[in-house]
Structures are given as structure tokens and as C-alpha cells.
file entry18.csv (CSV, C-alpha atoms)
chain,number,residue,atom,x,y,z
A,1,MET,CA,-53.9,3.5,0.2
A,2,THR,CA,-52.0,0.4,1.3
A,3,ALA,CA,-48.3,-0.5,1.1
A,4,LEU,CA,-46.9,-4.0,1.5
A,5,VAL,CA,-43.3,-4.2,2.8
A,6,THR,CA,-41.3,-7.4,3.1
A,7,GLY,CA,-38.4,-7.7,5.5
A,8,ALA,CA,-40.2,-5.1,7.6
A,9,ALA,CA,-39.2,-6.2,11.1
A,10,ARG,CA,-35.9,-4.3,11.3
A,11,GLY,CA,-33.4,-2.1,9.5
A,12,ILE,CA,-34.3,-0.5,6.1
A,13,GLY,CA,-37.6,-2.5,5.9
A,14,ARG,CA,-38.7,-1.0,9.3
A,15,GLU,CA,-37.9,2.5,8.0
A,16,TYR,CA,-39.8,1.9,4.8
A,17,ALA,CA,-42.8,0.9,6.9
A,18,LEU,CA,-42.6,3.9,9.2
A,19,GLN,CA,-42.1,6.4,6.4
A,20,LEU,CA,-44.9,5.0,4.4
A,21,ALA,CA,-47.2,5.1,7.4
A,22,SER,CA,-46.2,8.8,7.9
A,23,LYS,CA,-47.4,9.4,4.3
A,24,GLY,CA,-50.8,8.0,5.1
A,25,TYR,CA,-50.4,4.4,3.8
A,26,GLY,CA,-52.0,1.5,5.7
A,27,LEU,CA,-49.5,-1.3,6.0
A,28,VAL,CA,-49.2,-5.0,5.4
A,29,LEU,CA,-45.9,-6.0,6.9
A,30,VAL,CA,-44.1,-9.3,6.1
A,31,ASP,CA,-41.1,-10.9,7.8
A,32,LYS,CA,-40.0,-14.2,9.1
A,33,ASN,CA,-39.0,-12.5,12.3
A,34,PRO,CA,-41.9,-12.3,14.8
A,35,ASP,CA,-40.8,-8.8,15.7
A,36,VAL,CA,-42.9,-7.7,12.8
A,37,LEU,CA,-45.9,-8.2,14.9
A,38,ASP,CA,-44.7,-5.6,17.4
A,39,LEU,CA,-44.1,-3.2,14.6
A,40,ALA,CA,-47.6,-3.6,13.3
A,41,GLY,CA,-48.9,-3.0,16.8
A,42,GLU,CA,-46.8,0.1,17.1
A,43,VAL,CA,-48.0,1.5,13.8
A,44,ALA,CA,-51.6,0.6,14.6
A,45,ALA,CA,-51.4,2.4,18.0
A,46,SER,CA,-50.5,5.6,16.1
A,47,GLY,CA,-53.8,5.4,14.3
A,48,VAL,CA,-52.6,3.9,11.0
A,49,SER,CA,-54.0,0.6,9.8
A,50,ALA,CA,-51.4,-2.1,10.0
A,51,ARG,CA,-51.2,-5.9,10.1
A,52,ALA,CA,-48.4,-8.4,10.0
A,53,ILE,CA,-47.7,-11.7,8.3
A,54,VAL,CA,-45.0,-13.9,9.7
A,55,SER,CA,-43.6,-15.8,6.7
A,56,ASP,CA,-40.3,-17.0,5.4
A,57,LEU,CA,-40.1,-15.7,1.9
A,58,ALA,CA,-37.2,-18.1,0.9
A,59,ARG,CA,-39.8,-20.7,-0.1
A,60,GLU,CA,-41.2,-21.4,-3.6
A,61,SER,CA,-44.8,-21.0,-2.4
A,62,ALA,CA,-44.2,-17.8,-0.4
A,63,ALA,CA,-45.2,-15.2,-2.9
A,64,PHE,CA,-48.5,-17.0,-3.7
A,65,GLU,CA,-49.3,-17.3,0.0
A,66,ILE,CA,-48.7,-13.6,0.6
A,67,TYR,CA,-50.8,-12.7,-2.5
A,68,ASP,CA,-53.7,-15.0,-1.4
A,69,ASP,CA,-53.6,-13.5,2.1
A,70,VAL,CA,-53.9,-10.0,0.7
A,71,ILE,CA,-56.7,-10.9,-1.6
A,72,SER,CA,-58.6,-12.8,1.2
A,73,HIS,CA,-58.4,-9.6,3.4
A,74,GLY,CA,-59.7,-7.4,0.5
A,75,ASP,CA,-56.5,-5.3,0.5
A,76,ARG,CA,-55.6,-3.3,-2.6
A,77,ILE,CA,-51.8,-2.8,-2.7
A,78,ASP,CA,-50.8,0.6,-4.0
A,79,VAL,CA,-47.1,0.3,-3.1
A,80,LEU,CA,-45.0,-2.9,-3.0
A,81,VAL,CA,-41.6,-2.8,-1.3
A,82,ASN,CA,-39.6,-6.0,-1.9
A,83,ASN,CA,-37.0,-5.5,0.8
A,84,ALA,CA,-36.5,-8.9,2.3
A,85,GLY,CA,-32.9,-10.2,1.8
A,86,GLU,CA,-30.1,-12.3,3.2
A,87,PHE,CA,-26.4,-11.6,3.0
A,88,SER,CA,-23.7,-14.1,2.1
A,89,PHE,CA,-19.9,-13.4,2.1
A,90,CYS,CA,-18.2,-16.7,1.3
A,91,ASP,CA,-16.5,-18.4,-1.7
A,92,ILE,CA,-19.0,-20.5,-3.5
A,93,THR,CA,-17.2,-23.8,-2.9
A,94,GLU,CA,-17.6,-23.1,0.8
A,95,VAL,CA,-21.2,-22.1,0.7
A,96,GLY,CA,-23.8,-24.6,1.9
A,97,VAL,CA,-26.3,-25.8,-0.7
A,98,GLU,CA,-29.2,-24.7,1.4
A,99,THR,CA,-27.8,-21.1,1.6
A,100,ILE,CA,-27.5,-21.0,-2.2
A,101,ARG,CA,-31.1,-22.2,-2.5
A,102,ARG,CA,-32.4,-19.7,0.1
A,103,ILE,CA,-30.7,-16.7,-1.4
A,104,ILE,CA,-31.7,-17.4,-5.0
A,105,THR,CA,-35.2,-18.3,-4.0
A,106,LEU,CA,-35.6,-15.2,-1.9
A,107,HIS,CA,-33.8,-12.6,-4.0
A,108,ASN,CA,-34.9,-13.9,-7.4
A,109,LEU,CA,-37.9,-16.3,-7.5
A,110,THR,CA,-40.0,-14.8,-4.7
A,111,LEU,CA,-39.2,-11.2,-5.8
A,112,THR,CA,-40.1,-11.9,-9.4
A,113,LEU,CA,-43.4,-13.6,-8.5
A,114,MET,CA,-44.3,-10.8,-6.1
A,115,ASN,CA,-43.8,-8.3,-9.0
A,116,ARG,CA,-45.8,-10.5,-11.4
A,117,LEU,CA,-48.7,-11.0,-9.1
A,118,PHE,CA,-49.1,-7.6,-7.6
A,119,ALA,CA,-48.3,-5.7,-10.8
A,120,GLU,CA,-51.2,-7.5,-12.5
A,121,ALA,CA,-53.5,-6.4,-9.7
A,122,MET,CA,-52.2,-2.9,-9.8
A,123,VAL,CA,-52.8,-2.6,-13.6
A,124,SER,CA,-56.4,-3.8,-12.9
A,125,GLY,CA,-56.8,-1.3,-10.1
A,126,GLY,CA,-55.5,1.7,-12.0
A,127,GLY,CA,-51.8,1.7,-11.2
A,128,GLY,CA,-49.2,1.5,-8.5
A,129,HIS,CA,-45.5,1.5,-7.5
A,130,ILE,CA,-43.0,-1.3,-6.9
A,131,LEU,CA,-39.6,-0.9,-5.2
A,132,ASN,CA,-37.1,-3.7,-5.5
A,133,MET,CA,-33.9,-3.8,-3.3
A,134,SER,CA,-30.8,-4.5,-5.4
A,135,SER,CA,-27.3,-3.7,-4.1
A,136,TYR,CA,-24.2,-1.7,-4.9
A,137,SER,CA,-22.3,-5.0,-4.9
A,138,ILE,CA,-23.5,-5.6,-8.5
A,139,TRP,CA,-20.7,-3.4,-9.6
A,140,MET,CA,-18.1,-5.1,-7.4
A,141,PRO,CA,-18.4,-8.9,-7.9
A,142,LEU,CA,-15.4,-9.6,-5.7
A,143,PRO,CA,-14.4,-13.0,-4.4
A,144,GLY,CA,-16.8,-14.0,-1.6
A,145,LEU,CA,-19.7,-12.0,-3.1
A,146,ALA,CA,-20.4,-14.3,-6.1
A,147,LEU,CA,-23.7,-15.5,-4.8
A,148,TYR,CA,-24.9,-12.3,-3.3
A,149,SER,CA,-23.9,-9.9,-6.0
A,150,ALA,CA,-25.1,-12.1,-8.8
A,151,SER,CA,-28.6,-12.5,-7.2
A,152,LYS,CA,-28.8,-8.7,-6.7
A,153,ALA,CA,-27.6,-8.1,-10.3
A,154,TYR,CA,-30.7,-10.0,-11.4
A,155,VAL,CA,-32.9,-7.8,-9.3
A,156,LYS,CA,-31.5,-4.6,-11.0
A,157,SER,CA,-31.7,-6.0,-14.5
A,158,PHE,CA,-35.2,-7.5,-14.0
A,159,SER,CA,-36.5,-4.3,-12.4
A,160,VAL,CA,-35.3,-2.0,-15.2
A,161,ALA,CA,-36.7,-4.2,-17.9
A,162,PHE,CA,-39.9,-4.8,-16.1
A,163,SER,CA,-40.4,-1.1,-15.5
A,164,LYS,CA,-40.4,-0.6,-19.2
A,165,GLU,CA,-43.1,-3.3,-19.7
A,166,VAL,CA,-45.6,-1.9,-17.2
A,167,ARG,CA,-44.9,1.8,-17.1
A,168,ARG,CA,-47.5,2.6,-19.8
A,169,ARG,CA,-50.0,0.6,-17.8
A,170,GLY,CA,-49.6,2.8,-14.8
A,171,VAL,CA,-47.2,0.7,-12.7
A,172,PHE,CA,-43.8,2.3,-11.9
A,173,VAL,CA,-40.9,0.1,-10.8
A,174,THR,CA,-37.6,1.2,-9.2
A,175,ALA,CA,-34.5,-0.7,-8.3
A,176,VAL,CA,-32.5,0.6,-5.4
A,177,CYS,CA,-28.8,-0.2,-5.2
A,178,PRO,CA,-27.5,1.0,-1.8
A,179,ALA,CA,-23.9,0.6,-0.7
A,180,GLY,CA,-23.1,0.5,3.0
A,181,VAL,CA,-26.1,0.9,5.3
A,182,ALA,CA,-25.8,0.7,9.1
A,183,THR,CA,-27.9,-2.4,9.6
A,184,ASP,CA,-27.3,-5.9,11.0
A,185,LEU,CA,-27.5,-7.5,7.5
A,186,TYR,CA,-23.7,-7.6,7.1
A,187,GLY,CA,-23.0,-8.9,10.6
A,188,LEU,CA,-21.3,-5.6,11.6
A,189,SER,CA,-21.3,-4.9,15.4
A,190,PRO,CA,-23.0,-1.7,16.6
A,191,ARG,CA,-19.6,-0.3,17.2
A,192,PHE,CA,-18.5,-0.7,13.6
A,193,GLN,CA,-21.8,0.5,12.4
A,194,SER,CA,-21.3,3.7,14.5
A,195,LEU,CA,-17.7,4.1,13.2
A,196,GLY,CA,-18.9,3.6,9.6
A,197,LEU,CA,-21.6,6.3,10.0
A,198,LYS,CA,-19.1,8.8,11.4
A,199,ALA,CA,-16.6,8.1,8.6
A,200,GLY,CA,-19.3,8.5,5.9
A,201,ALA,CA,-18.8,4.9,4.7
A,202,LEU,CA,-22.3,4.0,5.8
A,203,ILE,CA,-25.7,5.7,5.7
A,204,THR,CA,-28.6,5.2,8.1
A,205,PRO,CA,-31.5,3.0,7.3
A,206,ALA,CA,-33.8,6.1,7.5
A,207,SER,CA,-31.7,8.0,5.0
A,208,CYS,CA,-31.7,5.0,2.6
A,209,ALA,CA,-35.4,4.5,2.8
A,210,ARG,CA,-36.2,8.2,2.4
A,211,ARG,CA,-34.0,8.5,-0.7
A,212,ALA,CA,-35.4,5.3,-2.2
A,213,LEU,CA,-39.0,6.3,-1.7
A,214,ARG,CA,-38.4,9.7,-3.2
A,215,ALA,CA,-36.9,8.0,-6.3
A,216,LEU,CA,-39.8,5.6,-6.4
A,217,PHE,CA,-42.5,8.4,-6.4
A,218,ARG,CA,-40.4,10.3,-9.0
A,219,HIS,CA,-40.6,7.2,-11.2
A,220,ARG,CA,-36.8,6.6,-11.4
A,221,ARG,CA,-35.9,3.2,-12.7
A,222,CYS,CA,-32.7,2.7,-10.8
A,223,ILE,CA,-30.8,4.7,-8.1
A,224,VAL,CA,-27.8,4.5,-5.9
A,225,PRO,CA,-29.0,6.3,-2.7
A,226,ASP,CA,-25.7,7.7,-1.6
A,227,TRP,CA,-24.4,9.9,-4.5
A,228,TRP,CA,-20.7,9.7,-3.6
A,229,ASN,CA,-20.7,6.0,-4.3
A,230,ARG,CA,-21.9,6.6,-7.8
A,231,LEU,CA,-18.5,8.1,-8.5
A,232,TRP,CA,-16.7,4.8,-7.7
A,233,ILE,CA,-18.7,2.6,-10.0
A,234,PRO,CA,-16.3,3.0,-13.1
A,235,VAL,CA,-13.4,2.2,-10.8
A,236,LEU,CA,-14.9,-0.9,-9.2
A,237,THR,CA,-15.9,-2.4,-12.5
A,238,HIS,CA,-12.3,-2.2,-13.7
A,239,LEU,CA,-10.3,-3.5,-10.8
A,240,PRO,CA,-7.1,-5.3,-11.8
A,241,ASP,CA,-6.8,-9.0,-11.0
A,242,TRP,CA,-3.9,-8.5,-8.7
A,243,LEU,CA,-5.9,-6.1,-6.5
A,244,GLU,CA,-8.9,-8.5,-6.4
A,245,ASP,CA,-6.5,-11.3,-5.4
A,246,LEU,CA,-5.2,-9.1,-2.6
A,247,ILE,CA,-8.7,-8.3,-1.4
A,248,HIS,CA,-9.5,-12.0,-1.5
A,249,ARG,CA,-6.5,-12.9,0.7
A,250,LYS,CA,-7.1,-10.1,3.2
A,251,THR,CA,-10.8,-10.9,3.6
A,252,LEU,CA,-10.8,-14.7,3.7
A,253,LYS,CA,-10.8,-14.6,7.5
A,254,TYR,CA,-14.1,-12.7,7.4
A,255,GLN,CA,-15.9,-15.2,5.2
A,256,LYS,CA,-18.7,-17.1,6.8
call {"tool": "encode", "arguments": {"input": "entry18.csv", "output": "C-alpha cells"}}
result
Amino acid sequence: MTALVTGAARGIGREYALQLASKGYGLVLVDKNPDVLDLAGEVAASGVSARAIVSDLARESAAFEIYDDVISHGDRIDVLVNNAGEFSFCDITEVGVETIRRIITLHNLTLTLMNRLFAEAMVSGGGGHILNMSSYSIWMPLPGLALYSASKAYVKSFSVAFSKEVRRRGVFVTAVCPAGVATDLYGLSPRFQSLGLKAGALITPASCARRALRALFRHRRCIVPDWWNRLWIPVLTHLPDWLEDLIHRKTLKYQK
């Protein structure tokens, strides 16, 4: 059994890799950060097959390159985890065109092509599992999150529909929509991450990965890993304009 994890060098992706390795999966680890090579070495030293591919997935050709690499090595991917992502918190008129291109390519084009390519191979090989990382922000499209939340809304919508297309063919797709996770993605300092964990506003990457994988193997189509955040979804989708304007004014200094 082999699992492919993107964005595997740090954070939630690293946890996906370690937890899948503990379940007996050999690993193909992908990240633009060369630290992914160290993780592959760490996993291999524990007796589990692992290799790394250093690749920037925010390129139109990236999914095809990863797929071709897997095929050339003779790997059969049983579990695909599309975890690679980039965060943007900035009004669209202030976002650089290159940032817009990168996020849409990474979150939407590359993810869709990875699903397309590997699902077809899974069907031919008897089945498999695909986990796509969406975000809780899809229910809170606040000022500053237009680009990020919209790109992640696509991931959730695509995953749920795609799961219905391939389920009868033995491929199970799950969209994961985590709220706050204590990683470096949002630019939070270690101190604020620690405070967020103590306050219950954040969960650990290990907890997020564990709940996501459990949902994947139970064939859930979409989950929010931290149950208490599910309670807030109806509230967040009906925020009054005056409150959103207030949030915008208070958070402008944090945009970047």
C-alpha cells in the first residue's frame, strides 16, 4: 500500500505522512520545501518505504509531472492526500497578480488534475481513497479572504460532486474543512499558536490529520474536524453587513 501526500514537509501534511506510515503505508511525499527530503529519510529510517519529490505544485504542469514520476517508479497510489496550500489574507485589489495565479493554480487546477489522474489509476487498480483539504473559511467569506475562501469553496464543491461520480467505482473522496489549526500557514507566531491551543480556538496538526483520516476511511464526503466549529456555521453565513464592515476595519492592519 502506498500513499501520496502533497505539502508534506510541515504542519498537517507532515502529520498525514507520519500517521499513514504508522498504518503501514509506504509514502511518496511532495513539497516545494526541501525539508520534505529529511522527512522521507526519517520515515525510511523507521523501516517504512518513503521517497520525496521536491516540486512547486503551483504550476500548470505540476500534476502531470508528479503522476509521470509515480508511474515511472512503478508505484500504485492507494491513498492520495491533496494537502498543499497557500494562505492569503488581503483585499483583492491589493493582492499581487502572481499570488492570485499561484493560489488558483495550486488549490484548484493542480488539485483537480491530481484527482483526475490518480482516480483513473485507482479505478483501474481496484479502488482507492482521495482526501482534499478545503477550509472552514468557505462559510465565512469575509473581506480579505475573498481569494482564499473562494478557492477552498471550489475544493469542497468539487470533492463532494466528484465523490458521487467515482464512489461506485471503488474510489472514495473526502473534503476536509478545518477551522483554526496550529501551523505556520496563517503566519501566527509560536506564542499565538500556543495561546490558541490553550483557549481551544486552534487544534493541533496531529488532531486534524487523525480526524481527517478517520473520516476518509469511513467514506465521509465532507467533514469539519473540530465539532464545536460546526455549531457556528449558520451564524457565520448570516453575518450582518455592519459586523462584516467592522471586522474589515479592525483587520486591515493584519492584511498582507
call {"tool": "residues_around", "arguments": {"input": "entry18.csv", "residues": "Asp38 in chain A", "least_positions_apart": "6", "cutoff": "12 Å", "atoms": "all atoms listed in the file", "output": "PDB file with C-alpha atoms, in the frame of the given file"}}
result
ATOM      1  CA  ALA A   8     -40.200  -5.100   7.600  1.00  0.00           C
ATOM      2  CA  ALA A   9     -39.200  -6.200  11.100  1.00  0.00           C
ATOM      3  CA  ARG A  10     -35.900  -4.300  11.300  1.00  0.00           C
ATOM      4  CA  ARG A  14     -38.700  -1.000   9.300  1.00  0.00           C
ATOM      5  CA  LEU A  29     -45.900  -6.000   6.900  1.00  0.00           C
ATOM      6  CA  VAL A  30     -44.100  -9.300   6.100  1.00  0.00           C
ATOM      7  CA  ASP A  31     -41.100 -10.900   7.800  1.00  0.00           C
ATOM      8  CA  ALA A  44     -51.600   0.600  14.600  1.00  0.00           C
ATOM      9  CA  ALA A  45     -51.400   2.400  18.000  1.00  0.00           C
ATOM     10  CA  ALA A  50     -51.400  -2.100  10.000  1.00  0.00           C
ATOM     11  CA  ARG A  51     -51.200  -5.900  10.100  1.00  0.00           C
ATOM     12  CA  ALA A  52     -48.400  -8.400  10.000  1.00  0.00           C
ATOM     13  CA  ILE A  53     -47.700 -11.700   8.300  1.00  0.00           C
ATOM     14  CA  VAL A  54     -45.000 -13.900   9.700  1.00  0.00           C
TER      15      VAL A  54
END
call {"tool": "closest_residue", "arguments": {"input": "entry18.csv", "among": "A:Arg210, A:Pro143, A:Ala119, A:Cys222", "to": "Glu165 in chain A", "atoms": "only C-alpha atoms"}}
result
A:Ala119
call {"tool": "residues_around", "arguments": {"input": "entry18.csv", "residues": "Leu4 in chain A", "least_positions_apart": "5", "cutoff": "9 Å", "atoms": "all atoms listed in the file", "output": "PyMOL selection string"}}
result
chain A and resi 17+26-30+77-82
call {"tool": "residues_around", "arguments": {"input": "entry18.csv", "residues": "Gly170 in chain A", "least_positions_apart": "2", "cutoff": "12 Å", "atoms": "all atoms listed in the file", "output": "list of chain:residue names"}}
result
A:Asp78, A:Ala119, A:Glu120, A:Ala121, A:Met122, A:Val123, A:Ser124, A:Gly125, A:Gly126, A:Gly127, A:Gly128, A:His129, A:Ile130, A:Ser163, A:Lys164, A:Glu165, A:Val166, A:Arg167, A:Arg168, A:Phe172, A:Val173, A:His219
call {"tool": "write_last_selection", "arguments": {"input": "entry18.csv", "atoms": "C-alpha atoms", "output": "compact mmCIF listing (two decimals), in the coordinates of the input"}}
result
# COMPACT_ATOMS: atom_id res chain seq x y z
CA ASP A 78 -50.80 0.60 -4.00
CA ALA A 119 -48.30 -5.70 -10.80
CA GLU A 120 -51.20 -7.50 -12.50
CA ALA A 121 -53.50 -6.40 -9.70
CA MET A 122 -52.20 -2.90 -9.80
CA VAL A 123 -52.80 -2.60 -13.60
CA SER A 124 -56.40 -3.80 -12.90
CA GLY A 125 -56.80 -1.30 -10.10
CA GLY A 126 -55.50 1.70 -12.00
CA GLY A 127 -51.80 1.70 -11.20
CA GLY A 128 -49.20 1.50 -8.50
CA HIS A 129 -45.50 1.50 -7.50
CA ILE A 130 -43.00 -1.30 -6.90
CA SER A 163 -40.40 -1.10 -15.50
CA LYS A 164 -40.40 -0.60 -19.20
CA GLU A 165 -43.10 -3.30 -19.70
CA VAL A 166 -45.60 -1.90 -17.20
CA ARG A 167 -44.90 1.80 -17.10
CA ARG A 168 -47.50 2.60 -19.80
CA PHE A 172 -43.80 2.30 -11.90
CA VAL A 173 -40.90 0.10 -10.80
CA HIS A 219 -40.60 7.20 -11.20
call {"tool": "atom_distance", "arguments": {"input": "entry18.csv", "atom1": "CA of Leu231 in chain A", "atom2": "CA of Ser157 in chain A"}}
result
20.2 Å
call {"tool": "atom_distance", "arguments": {"input": "entry18.csv", "atom1": "CA of Leu117 in chain A", "atom2": "CA of Phe64 in chain A"}}
result
8.1 Å
